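Structure data follow from query_24.pdb (PDB, C-alpha atoms and all ligand atoms):
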ATOM      1  CA  MET A   1      -9.250  59.094 -22.146
ATOM      2  CA  PHE A   2      -5.572  59.758 -21.698
ATOM      3  CA  GLY A   3      -4.832  63.096 -20.123
ATOM      4  CA  LEU A   4      -2.064  65.258 -21.439
ATOM      5  CA  THR A   5      -1.801  67.193 -18.244
ATOM      6  CA  GLY A   6       1.532  65.793 -17.132
ATOM      7  CA  CYS A   7       2.461  64.601 -13.707
ATOM      8  CA  GLU A   8       0.768  67.310 -11.683
ATOM      9  CA  ASP A   9      -2.361  65.250 -11.337
ATOM     10  CA  GLY A  10      -0.677  62.869  -8.966
ATOM     11  CA  PRO A  11       1.365  59.768  -9.057
ATOM     12  CA  ARG A  12       1.391  57.781 -12.220
ATOM     13  CA  GLY A  13       0.798  54.089 -12.199
ATOM     14  CA  PHE A  14      -0.830  53.817  -8.835
ATOM     15  CA  SER A  15      -2.393  56.085  -6.338
ATOM     16  CA  LEU A  16      -2.706  55.669  -2.606
ATOM     17  CA  PRO A  17      -5.130  57.706  -0.504
ATOM     18  CA  ALA A  18      -3.984  61.060   0.860
ATOM     19  CA  GLY A  19      -1.730  60.821   3.882
ATOM     20  CA  ASP A  20      -1.229  62.912   6.957
ATOM     21  CA  PRO A  21       2.302  64.326   7.196
ATOM     22  CA  ALA A  22       2.099  64.849  10.987
ATOM     23  CA  LYS A  23       1.272  61.192  11.510
ATOM     24  CA  GLY A  24       3.953  60.323   8.996
ATOM     25  CA  GLN A  25       6.483  62.137  11.124
ATOM     26  CA  GLN A  26       5.449  59.981  14.083
ATOM     27  CA  VAL A  27       5.967  56.854  12.021
ATOM     28  CA  PHE A  28       9.359  58.185  10.931
ATOM     29  CA  LEU A  29      10.386  58.645  14.568
ATOM     30  CA  GLU A  30       8.818  55.435  15.877
ATOM     31  CA  MET A  31      10.404  53.265  13.214
ATOM     32  CA  GLN A  32      13.763  54.869  14.023
ATOM     33  CA  CYS A  33      14.575  55.826  10.483
ATOM     34  CA  LEU A  34      16.988  58.337  12.008
ATOM     35  CA  SER A  35      19.295  55.571  13.139
ATOM     36  CA  CYS A  36      20.576  55.475   9.550
ATOM     37  CA  HIS A  37      19.200  58.669   8.091
ATOM     38  CA  ALA A  38      19.758  62.344   8.637
ATOM     39  CA  MET A  39      17.075  64.941   8.052
ATOM     40  CA  GLU A  40      17.230  68.643   8.583
ATOM     41  CA  GLY A  41      15.463  69.643  11.776
ATOM     42  CA  PHE A  42      15.770  66.242  13.432
ATOM     43  CA  GLU A  43      18.227  65.120  16.055
ATOM     44  CA  ARG A  44      19.735  61.748  15.462
ATOM     45  CA  PRO A  45      19.772  59.307  18.373
ATOM     46  CA  ALA A  46      23.021  59.627  20.318
ATOM     47  CA  ASP A  47      24.155  56.089  19.569
ATOM     48  CA  SER A  48      23.907  56.544  15.818
ATOM     49  CA  GLU A  49      26.236  59.464  15.470
ATOM     50  CA  ASP A  50      29.115  57.575  13.990
ATOM     51  CA  GLN A  51      26.906  55.306  11.952
ATOM     52  CA  LEU A  52      25.784  55.510   8.406
ATOM     53  CA  SER A  53      23.895  58.651   7.565
ATOM     54  CA  VAL A  54      21.907  58.731   4.374
ATOM     55  CA  GLU A  55      20.406  62.171   3.905
ATOM     56  CA  LEU A  56      16.655  62.349   3.379
ATOM     57  CA  GLY A  57      14.828  65.471   2.306
ATOM     58  CA  GLY A  58      16.409  68.814   1.671
ATOM     59  CA  LYS A  59      17.182  70.590  -1.553
ATOM     60  CA  VAL A  60      17.491  68.343  -4.562
ATOM     61  CA  GLN A  61      17.873  68.986  -8.253
ATOM     62  CA  SER A  62      15.270  66.493  -9.239
ATOM     63  CA  LEU A  63      12.432  65.485  -6.995
ATOM     64  CA  LYS A  64      11.790  61.858  -6.334
ATOM     65  CA  THR A  65       8.408  60.864  -7.585
ATOM     66  CA  TYR A  66       5.836  59.559  -5.180
ATOM     67  CA  ALA A  67       6.251  56.121  -6.704
ATOM     68  CA  GLU A  68      10.017  56.264  -6.236
ATOM     69  CA  LEU A  69       9.634  57.154  -2.587
ATOM     70  CA  VAL A  70       7.184  54.316  -2.010
ATOM     71  CA  THR A  71       9.566  51.959  -3.776
ATOM     72  CA  SER A  72      12.485  53.126  -1.618
ATOM     73  CA  VAL A  73      10.563  52.131   1.482
ATOM     74  CA  ILE A  74       8.794  48.926   0.467
ATOM     75  CA  ASN A  75      11.571  47.580  -1.741
ATOM     76  CA  PRO A  76      14.795  49.296  -0.679
ATOM     77  CA  SER A  77      17.019  47.054  -2.769
ATOM     78  CA  HIS A  78      15.248  47.961  -5.988
ATOM     79  CA  GLN A  79      17.581  50.856  -6.519
ATOM     80  CA  ILE A  80      20.450  51.615  -4.214
ATOM     81  CA  ALA A  81      20.890  55.322  -3.484
ATOM     82  CA  LYS A  82      23.780  56.887  -5.335
ATOM     83  CA  GLY A  83      26.609  58.919  -3.914
ATOM     84  CA  TYR A  84      27.417  56.660  -0.978
ATOM     85  CA  ASN A  85      30.172  54.218  -0.373
ATOM     86  CA  LEU A  86      28.684  51.029  -1.797
ATOM     87  CA  LYS A  87      30.007  48.883   1.007
ATOM     88  CA  ASP A  88      28.146  51.028   3.532
ATOM     89  CA  VAL A  89      24.757  50.866   1.906
ATOM     90  CA  GLN A  90      24.446  47.370   0.517
ATOM     91  CA  ILE A  91      25.606  43.839   1.137
ATOM     92  CA  SER A  92      25.630  41.517  -1.866
ATOM     93  CA  GLY A  93      23.341  43.840  -3.769
ATOM     94  CA  GLN A  94      20.815  44.034  -0.938
ATOM     95  CA  SER A  95      20.219  47.360   0.719
ATOM     96  CA  VAL A  96      21.137  47.407   4.401
ATOM     97  CA  MET A  97      17.882  49.220   4.971
ATOM     98  CA  PRO A  98      15.404  46.945   6.710
ATOM     99  CA  VAL A  99      12.190  45.942   4.991
ATOM    100  CA  TYR A 100       9.275  47.237   7.039
ATOM    101  CA  ASN A 101       6.556  45.535   5.076
ATOM    102  CA  ASP A 102       5.581  43.215   7.901
ATOM    103  CA  VAL A 103       5.602  45.880  10.598
ATOM    104  CA  MET A 104       4.147  48.920   8.871
ATOM    105  CA  THR A 105       0.484  49.225   8.009
ATOM    106  CA  VAL A 106      -0.517  50.646   4.654
ATOM    107  CA  GLY A 107      -1.950  53.635   6.524
ATOM    108  CA  GLN A 108       1.404  54.265   8.171
ATOM    109  CA  LEU A 109       3.157  53.908   4.839
ATOM    110  CA  VAL A 110       0.873  56.461   3.207
ATOM    111  CA  ASP A 111       1.431  58.952   6.023
ATOM    112  CA  LEU A 112       5.170  58.333   5.997
ATOM    113  CA  ILE A 113       5.474  58.919   2.263
ATOM    114  CA  THR A 114       3.423  62.110   2.505
ATOM    115  CA  PHE A 115       5.751  63.290   5.259
ATOM    116  CA  LEU A 116       8.883  62.409   3.285
ATOM    117  CA  GLU A 117       7.585  64.029   0.140
ATOM    118  CA  SER A 118       6.993  67.271   2.012
ATOM    119  CA  LYS A 119      10.642  67.365   3.078
ATOM    120  CA  TYR A 120      12.152  67.562  -0.376
ATOM    121  CA  GLU A 121      12.557  70.892  -2.024
ATOM    122  CA  LEU A 122      13.410  71.425  -5.634
ATOM    123  CA  GLU A 123      16.513  73.469  -6.069
ATOM    124  CA  PRO A 124      16.397  75.474  -9.263
ATOM    125  CA  TYR A 125      19.161  74.398 -11.540
ATOM    126  CA  THR A 126      21.700  77.151 -11.868
ATOM    127  CA  GLN A 127      23.711  77.038 -14.995
ATOM    128  CA  THR A 128      27.413  77.477 -14.613
ATOM    129  CA  LYS A 129      28.568  80.594 -16.351
ATOM    130  CA  TYR A 130      31.772  79.989 -18.214
ATOM    131  CA  LEU A 131      34.079  82.829 -18.978
ATOM    132  CA  MET A 132      34.921  83.223 -22.596
ATOM    133  CA  TYR A 133      38.563  83.003 -23.442
ATOM    134  CA  HIS A 134      39.729  84.327 -26.739
TER     135      HIS A 134
HETATM  136  C1  LIG B 201      19.712  50.123   9.056
HETATM  137  C2  LIG B 201      19.763  51.411   8.384
HETATM  138  C3  LIG B 201      18.476  52.005   7.818
HETATM  139  C4  LIG B 201      17.279  52.240   8.436
HETATM  140  C5  LIG B 201      16.874  51.904   9.858
HETATM  141  C6  LIG B 201      16.433  52.911   7.472
HETATM  142  N1  LIG B 201      17.111  53.088   6.297
HETATM  143 FE1  LIG B 201      16.443  54.056   4.641
HETATM  144  N2  LIG B 201      18.159  53.650   3.701
HETATM  145  C7  LIG B 201      19.264  53.043   4.260
HETATM  146  C8  LIG B 201      20.343  52.979   3.296
HETATM  147  C9  LIG B 201      21.716  52.370   3.524
HETATM  148  C10 LIG B 201      19.859  53.582   2.135
HETATM  149  C11 LIG B 201      20.629  53.778   0.839
HETATM  150  C12 LIG B 201      20.635  52.516   0.048
HETATM  151  C13 LIG B 201      19.339  52.307  -0.636
HETATM  152  O1  LIG B 201      18.971  53.129  -1.469
HETATM  153  O2  LIG B 201      18.671  51.327  -0.304
HETATM  154  C14 LIG B 201      18.483  53.985   2.405
HETATM  155  C15 LIG B 201      17.651  54.630   1.508
HETATM  156  C16 LIG B 201      16.432  55.183   1.811
HETATM  157  C17 LIG B 201      15.661  55.989   0.907
HETATM  158  C18 LIG B 201      16.068  56.377  -0.508
HETATM  159  C19 LIG B 201      16.999  57.554  -0.395
HETATM  160  C20 LIG B 201      17.550  58.011  -1.700
HETATM  161  O3  LIG B 201      18.111  59.120  -1.718
HETATM  162  O4  LIG B 201      17.434  57.297  -2.706
HETATM  163  C21 LIG B 201      14.527  56.367   1.567
HETATM  164  C22 LIG B 201      13.396  57.245   1.065
HETATM  165  C23 LIG B 201      14.600  55.772   2.890
HETATM  166  N3  LIG B 201      15.780  55.065   2.997
HETATM  167  C24 LIG B 201      13.642  55.921   3.864
HETATM  168  C25 LIG B 201      13.704  55.294   5.107
HETATM  169  C26 LIG B 201      12.640  55.355   6.082
HETATM  170  C27 LIG B 201      11.357  56.119   5.902
HETATM  171  C28 LIG B 201      13.039  54.606   7.139
HETATM  172  C29 LIG B 201      12.253  54.299   8.402
HETATM  173  C30 LIG B 201      10.969  53.669   8.194
HETATM  174  C31 LIG B 201      14.361  54.089   6.848
HETATM  175  N4  LIG B 201      14.724  54.523   5.601
HETATM  176  C32 LIG B 201      15.126  53.310   7.708
HETATM  177  C33 LIG B 201      19.376  52.558   5.539
HETATM  178  C34 LIG B 201      18.360  52.561   6.470
END
This entry written out as structure tokens:
Amino acid sequence: MFGLTGCEDGPRGFSLPAGDPAKGQQVFLEMQCLSCHAMEGFERPADSEDQLSVELGGKVQSLKTYAELVTSVINPSHQIAKGYNLKDVQISGQSVMPVYNDVMTVGQLVDLITFLESKYELEPYTQTKYLMYH
């Protein structure tokens, strides 16, 4: 039967086993995601300071779904992140982000996604109050 309970029940479309965010953090550090990414609470390696920095985690106005996060990692060129200088983030339509599919186990992926997911925080949308002019 189709549920009408919305998205709270978990990812739509596919579902991976529960991950461990602490292990995911290890994967994040080991795979050197910080050489191109910035995340609150993490130091970037010294040699990457003047390099590309795509922000991960933090306050966002719409949360990425689990499926979107998985897609970003296993198929980075599927959708190129917005808000960056295109020439910095893609070459001929391909994301400059490496594909880890041959180096990351599914277990590592699951932990990594759980870790990433825990780093995003939904920022309540505040409506701009316009003054009335008469
Ligand atoms: C060589 C640089 C590089 C490395 C290393 C890298 N990324 Fe990326 N990543 C990018 C770029 C550039 C983008 C933005 C373009 C795009 O969406 O593909 C991106 C986008 C992303 C996004 C989507 C962000 C958004 O706001 O849409 C996620 C999630 C992500 N990366 C996770 C990771 C993780 C996890 C690792 C480590 C396993 C990693 N990246 C390693 C360059 C990198």
request  = Within 9 Å of range 52-64 of chain A, counting only C-alpha atoms, which residues show up once you throw out same-chain ones fewer than 2 positions away? Write them as a PyMOL selection string, please.
outcome  = chain A and resi 34-40+48-50+66-69+81+84+88-89+116-125
inquiry  = Taking only C-alpha atoms and all ligand atoms and a cut-off of 6 Å, can you tell me which residues surround ligand LIG 201 (chain B), written as a VMD selection string?
reply    = chain A and resid 28 31 to 33 35 to 36 54 69 72 to 73 76 to 77 79 to 81 89 95 to 98
So what does the PyMOL selection byres (((chain A and resi 23) around 10) and not hetatm) actually pick up in this one, as a PDB file with C-alpha atoms, in the coordinates of the input?
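The result, stored in out32.pdb:
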ATOM      1  CA  GLY A  19      -1.730  60.821   3.882  1.00  0.00           C
ATOM      2  CA  ASP A  20      -1.229  62.912   6.957  1.00  0.00           C
ATOM      3  CA  PRO A  21       2.302  64.326   7.196  1.00  0.00           C
ATOM      4  CA  ALA A  22       2.099  64.849  10.987  1.00  0.00           C
ATOM      5  CA  GLY A  24       3.953  60.323   8.996  1.00  0.00           C
ATOM      6  CA  GLN A  25       6.483  62.137  11.124  1.00  0.00           C
ATOM      7  CA  GLN A  26       5.449  59.981  14.083  1.00  0.00           C
ATOM      8  CA  VAL A  27       5.967  56.854  12.021  1.00  0.00           C
ATOM      9  CA  PHE A  28       9.359  58.185  10.931  1.00  0.00           C
ATOM     10  CA  LEU A  29      10.386  58.645  14.568  1.00  0.00           C
ATOM     11  CA  GLY A 107      -1.950  53.635   6.524  1.00  0.00           C
ATOM     12  CA  GLN A 108       1.404  54.265   8.171  1.00  0.00           C
ATOM     13  CA  VAL A 110       0.873  56.461   3.207  1.00  0.00           C
ATOM     14  CA  ASP A 111       1.431  58.952   6.023  1.00  0.00           C
ATOM     15  CA  LEU A 112       5.170  58.333   5.997  1.00  0.00           C
ATOM     16  CA  THR A 114       3.423  62.110   2.505  1.00  0.00           C
ATOM     17  CA  PHE A 115       5.751  63.290   5.259  1.00  0.00           C
TER      18      PHE A 115
END
Range 64-70 of chain A: axis-aligned bounding box, 5 Å on each side, centre and edge lengths in Å, one decimal, as JSON:
{"center_x": 8.8, "center_y": 58.1, "center_z": -4.8, "size_x": 16.0, "size_y": 17.5, "size_z": 15.6}
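CA of Thr105 in chain A is positioned 11.2 Å from CA of Ile74 in chain A.
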ask   = What gap, in Å, lies between CA of Val99 in chain A and CA of Asn75 in chain A?
value =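 Computing it gives 7.0 Å between the two atoms.
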